[in-house]
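Since the structure comes first, as structure tokens, the remarks are kept for the end.
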Amino acid sequence: KQEVTQIPAALSVPEGENLVLNCSFTDSAIYNLQWFRQDPGKGLTSLLLIQSSQREQTSGRLNASLDKSSGRSTLYIAASQPGDSATYLCAVRTSGTYKYIFGTGTRLKVLA
Amino acid sequence: DVKVTQSSRYLVKRTGEKVFLECVQDMDHENMFWYRQDPGLGLRLIYFSYDVKMKEKGDIPEGYSVSREKKERFSLILESASTNQTSMYLCASSLDLPPNQPQHFGDGTRLSIL
């Protein structure tokens, strides 16, 4: 059974820092891994999707990497800003299923 | 841009009522999903549908049912609402093939059962 873990659960950093969020999963047979952002009381906004055949994806200040063999993904945020404050979730779709399994998220606070 | 629209942002209902949550997507996606999100438990899948009139139970289907009569609309039904169904409900959709497609989410419905 696929399990997804995100560490740390919460993170507080000063503005301008580069930071890394971690996501690990137990079953490496996946179609893709997706990173989301969630603001308080809102839905999920897709940030990046990495297909199983890819090693990384980039969008602006965000870079996500995938190491399937070790069951790990990282989301790198460069030059963090207060507007980056949100909860970040990762989700994997295991091969042969329709289901996406979510981690419980990392709550990020960027201090001005 | 994909748009997934949930009919209500906030909803307050009473115990025992039958509650309908509606979700509409405008991108002809085959797959649609209903999740609930609770603090400390993350997102849990209630039901999903991979085609019109087709549905599969997720991890926590008890107390819920779904309806998908048209491709763009997926409804979640609480047959007899109970206080433990107070939660944030999130709808999502995705293309079916190829299987590496992203999920797109609505803004969520915050449901309170009194």
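In the structure tokens, chains take letters A, B, ... by order of appearance, with residues numbered from 1 within each chain and ligands from 1 in the order shown.
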Write out as a ChimeraX atom specification the residues lying within 9 Å of segment 95-107 of chain B, counting only C-alpha atoms and excluding same-chain residues fewer than 4 positions away.
/A:30-34,41-46,48-52,93,95-96,98,100 /B:2-6,9,23-25,27-32,50,90-91
Those selected residues, please, written with C-alpha atoms and delivered as an mmCIF file, in the first residue's frame.
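Wrote result09.cif, looks like this:
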data_model
loop_
_atom_site.group_PDB
_atom_site.id
_atom_site.type_symbol
_atom_site.label_atom_id
_atom_site.label_comp_id
_atom_site.auth_asym_id
_atom_site.auth_seq_id
_atom_site.Cartn_x
_atom_site.Cartn_y
_atom_site.Cartn_z
ATOM 1 C CA ILE A 30 4.263 5.458 -10.026
ATOM 2 C CA TYR A 31 2.840 7.277 -13.034
ATOM 3 C CA ASN A 32 3.639 10.721 -11.700
ATOM 4 C CA LEU A 33 4.185 12.921 -8.659
ATOM 5 C CA GLN A 34 2.457 16.275 -8.306
ATOM 6 C CA GLY A 41 -9.444 27.721 3.497
ATOM 7 C CA LYS A 42 -8.859 27.285 -0.221
ATOM 8 C CA GLY A 43 -8.501 24.464 -2.733
ATOM 9 C CA LEU A 44 -5.273 23.064 -4.124
ATOM 10 C CA THR A 45 -3.302 24.811 -6.830
ATOM 11 C CA SER A 46 -1.069 22.617 -8.979
ATOM 12 C CA LEU A 48 4.518 21.083 -10.802
ATOM 13 C CA LEU A 49 3.958 17.589 -12.119
ATOM 14 C CA ILE A 50 6.842 15.193 -12.670
ATOM 15 C CA GLN A 51 6.194 12.174 -14.833
ATOM 16 C CA SER A 52 7.776 8.877 -13.821
ATOM 17 C CA ARG A 93 -0.398 8.219 -8.575
ATOM 18 C CA SER A 95 0.873 2.604 -11.484
ATOM 19 C CA GLY A 96 -2.211 0.566 -12.306
ATOM 20 C CA TYR A 98 -6.704 5.789 -10.611
ATOM 21 C CA TYR A 100 -3.657 9.711 -5.965
ATOM 22 C CA VAL B 2 -8.990 24.015 -16.532
ATOM 23 C CA LYS B 3 -11.824 25.178 -14.327
ATOM 24 C CA VAL B 4 -13.317 23.007 -11.624
ATOM 25 C CA THR B 5 -16.262 24.677 -9.937
ATOM 26 C CA GLN B 6 -17.819 23.613 -6.655
ATOM 27 C CA ARG B 9 -17.857 27.614 -0.652
ATOM 28 C CA CYS B 23 -18.835 19.783 -8.872
ATOM 29 C CA VAL B 24 -18.540 20.804 -12.530
ATOM 30 C CA GLN B 25 -15.461 20.753 -14.763
ATOM 31 C CA MET B 27 -12.341 20.366 -19.783
ATOM 32 C CA ASP B 28 -14.033 17.123 -20.812
ATOM 33 C CA HIS B 29 -12.046 15.149 -18.227
ATOM 34 C CA GLU B 30 -12.904 11.494 -17.818
ATOM 35 C CA ASN B 31 -11.814 11.205 -14.177
ATOM 36 C CA MET B 32 -13.421 13.026 -11.295
ATOM 37 C CA TYR B 50 -13.713 7.295 -14.492
ATOM 38 C CA LEU B 90 -12.572 18.999 -2.395
ATOM 39 C CA CYS B 91 -13.449 17.967 -5.936
#
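Take the candidates A:Glu3, A:Glu56, A:Asp84, A:Asp67 and check each one against Phe25 of chain A using only C-alpha atoms; the shortest distance goes to A:Glu3.
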Show me, as a PyMOL selection string, the residues that have an atom within 9 Å of Val12 of chain B when counting only C-alpha atoms, minus same-chain residues fewer than 6 positions from it.
chain B and resi 110-114
Selection near segment 86-89 of chain A, 9 Å with only C-alpha atoms, sequence-local residues under 3 positions removed, as a list in words:
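Here the qualifying residues turn out to be Gln6, Ala10, Leu21, Cys23, Gln34, Trp35, Phe36, Arg37, Gln38, Asp39, Pro40, Leu44, Gly83, Phe102, Gly103, Thr104, Gly105, Thr106, Arg107, Leu108, Lys109 and Val110 of chain A.
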Which residue gives the smallest distance to Gln85 of chain B among B:Phe33, B:Glu62, B:Phe48, B:Lys53, with only C-alpha atoms counted?
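Checking each of B:Phe33, B:Glu62, B:Phe48, B:Lys53 against Gln85 of chain B, counting only C-alpha atoms, the winner is B:Glu62.
Between atom CA of Asn63 of chain A and atom CA of Thr5 of chain A the separation is 19.0 Å.
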Would you pick out the contacts of Ser75 of chain B at 7 Å or less, using only C-alpha atoms, so that residues sharing its chain but fewer than 5 positions from it are not included, and give the list as a ChimeraX atom specification?
/B:20-23,66-68
Got time to write the residues from that selection, N, CA and C atoms, as a CSV table (one decimal), in the first residue's frame?
chain,number,residue,atom,x,y,z
B,20,PHE,N,-26.4,17.6,-0.8
B,20,PHE,CA,-25.8,17.5,-2.1
B,20,PHE,C,-24.7,18.5,-2.3
B,21,LEU,N,-23.5,17.9,-2.7
B,21,LEU,CA,-22.4,18.8,-3.1
B,21,LEU,C,-22.1,18.6,-4.6
B,22,GLU,N,-22.1,19.7,-5.3
B,22,GLU,CA,-22.0,19.6,-6.7
B,22,GLU,C,-20.6,20.1,-7.2
B,23,CYS,N,-20.1,19.4,-8.3
B,23,CYS,CA,-18.8,19.8,-8.9
B,23,CYS,C,-19.0,19.7,-10.4
B,66,VAL,N,-22.5,8.9,-4.7
B,66,VAL,CA,-22.1,9.8,-5.7
B,66,VAL,C,-23.0,9.6,-6.9
B,67,SER,N,-23.0,10.6,-7.8
B,67,SER,CA,-23.8,10.5,-9.0
B,67,SER,C,-23.0,11.2,-10.1
B,68,ARG,N,-22.9,10.5,-11.3
B,68,ARG,CA,-22.3,11.1,-12.4
B,68,ARG,C,-23.2,10.8,-13.7
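Counting only C-alpha atoms, the residue from B:Leu41, B:Ile60, B:Leu11, B:Ile77 that sits nearest to chain A is B:Leu41.
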Those in chain B with strand (DSSP E or B) from DSSP, as a PyMOL selection string:
chain B and resi 4-6+10-13+19-25+31-38+42-51+54-57+64-70+73-78+87-94+104-105+109-113
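Excluding Glu17 of chain A and any residue on its chain fewer than 6 positions from it, the residues at most 12 Å away by only C-alpha atoms are Leu11, Arg61, Tyr76, Ile77, Ala78, Ala79, Ser80, Gln81, Pro82, Asp84, Lys109, Val110, Leu111 and Ala112 of chain A.
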May I have the residues within 12 Å of Ser69 of chain A as a ChimeraX atom specification, using only C-alpha atoms and disregarding those fewer than 5 positions away in the same chain?
/A:24-30,52-53,55
Restrict the selected residues to all heavy atoms and save them as a short mmCIF file (atom, residue, chain, number, x, y, z; two decimals), in the first residue's frame.
data_model
loop_
_atom_site.label_atom_id
_atom_site.label_comp_id
_atom_site.auth_asym_id
_atom_site.auth_seq_id
_atom_site.Cartn_x
_atom_site.Cartn_y
_atom_site.Cartn_z
N SER A 24 8.41 11.75 0.54
CA SER A 24 8.88 10.39 0.31
C SER A 24 7.68 9.45 0.13
O SER A 24 6.61 9.69 0.70
CB SER A 24 9.77 9.91 1.46
OG SER A 24 9.07 9.93 2.68
N PHE A 25 7.87 8.42 -0.66
CA PHE A 25 6.79 7.47 -0.94
C PHE A 25 7.35 6.06 -0.91
O PHE A 25 8.54 5.84 -1.14
CB PHE A 25 6.10 7.78 -2.28
CG PHE A 25 7.04 8.01 -3.43
CD1 PHE A 25 7.35 6.99 -4.31
CD2 PHE A 25 7.59 9.28 -3.65
CE1 PHE A 25 8.21 7.20 -5.38
CE2 PHE A 25 8.46 9.50 -4.72
CZ PHE A 25 8.77 8.47 -5.58
N THR A 26 6.48 5.09 -0.61
CA THR A 26 6.97 3.74 -0.34
C THR A 26 6.99 2.82 -1.56
O THR A 26 7.77 1.87 -1.60
CB THR A 26 6.11 3.08 0.76
OG1 THR A 26 4.73 3.16 0.37
CG2 THR A 26 6.30 3.80 2.09
N ASP A 27 6.14 3.09 -2.55
CA ASP A 27 6.06 2.24 -3.74
C ASP A 27 6.58 3.04 -4.93
O ASP A 27 5.97 4.04 -5.31
CB ASP A 27 4.61 1.80 -3.98
CG ASP A 27 4.46 0.83 -5.14
OD1 ASP A 27 5.43 0.62 -5.90
OD2 ASP A 27 3.36 0.27 -5.28
N SER A 28 7.67 2.60 -5.51
CA SER A 28 8.31 3.38 -6.58
C SER A 28 7.63 3.21 -7.94
O SER A 28 7.97 3.90 -8.89
CB SER A 28 9.79 2.98 -6.70
OG SER A 28 9.90 1.62 -7.04
N ALA A 29 6.65 2.33 -8.04
CA ALA A 29 5.92 2.13 -9.30
C ALA A 29 4.83 3.19 -9.42
O ALA A 29 3.68 2.96 -9.00
CB ALA A 29 5.33 0.73 -9.37
N ILE A 30 5.21 4.35 -9.95
CA ILE A 30 4.26 5.46 -10.03
C ILE A 30 4.15 5.97 -11.45
O ILE A 30 5.07 5.83 -12.26
CB ILE A 30 4.67 6.63 -9.09
CG1 ILE A 30 6.02 7.23 -9.50
CG2 ILE A 30 4.71 6.16 -7.63
CD1 ILE A 30 6.37 8.51 -8.74
N SER A 52 6.89 9.90 -14.37
CA SER A 52 7.78 8.88 -13.82
C SER A 52 9.09 8.78 -14.59
O SER A 52 10.11 8.37 -14.03
CB SER A 52 7.09 7.51 -13.82
OG SER A 52 6.76 7.13 -15.14
N SER A 53 9.07 9.19 -15.85
CA SER A 53 10.28 9.10 -16.68
C SER A 53 11.18 10.33 -16.53
O SER A 53 12.27 10.38 -17.10
CB SER A 53 9.89 8.95 -18.15
OG SER A 53 9.09 10.04 -18.55
N ARG A 55 13.26 13.47 -14.30
CA ARG A 55 14.06 13.64 -13.07
C ARG A 55 13.73 14.96 -12.39
O ARG A 55 13.87 15.06 -11.16
CB ARG A 55 15.55 13.60 -13.39
CG ARG A 55 16.03 12.28 -13.92
CD ARG A 55 15.82 11.16 -12.90
NE ARG A 55 16.50 11.40 -11.65
CZ ARG A 55 17.73 10.98 -11.37
NH1 ARG A 55 18.41 10.31 -12.27
NH2 ARG A 55 18.27 11.21 -10.19
#
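Taking atom CA of Ala9 of chain A as the reference point, atom CA of Pro39 of chain B is found at 11.9 Å.
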Can you work out which one of A:Val13, A:Leu62, A:Val20, A:Val4 has the shortest atom-to-atom distance to chain B, counting only C-alpha atoms?
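Ranked by minimum distance to chain B, first place goes to A:Val4.
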If I take atom CA of Ser8 of chain B and atom CA of Met88 of chain B, how far is one from the other in Å, to one decimal?
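So the two atoms, atom CA of Ser8 of chain B and atom CA of Met88 of chain B, lie 11.3 Å apart.
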Nearest to chain B among A:Leu47, A:Ser85, A:Ser70, A:Gln57, with distances taken over only C-alpha atoms: which residue is it?
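Of A:Leu47, A:Ser85, A:Ser70, A:Gln57, the one nearest chain B is A:Leu47, counting only C-alpha atoms.
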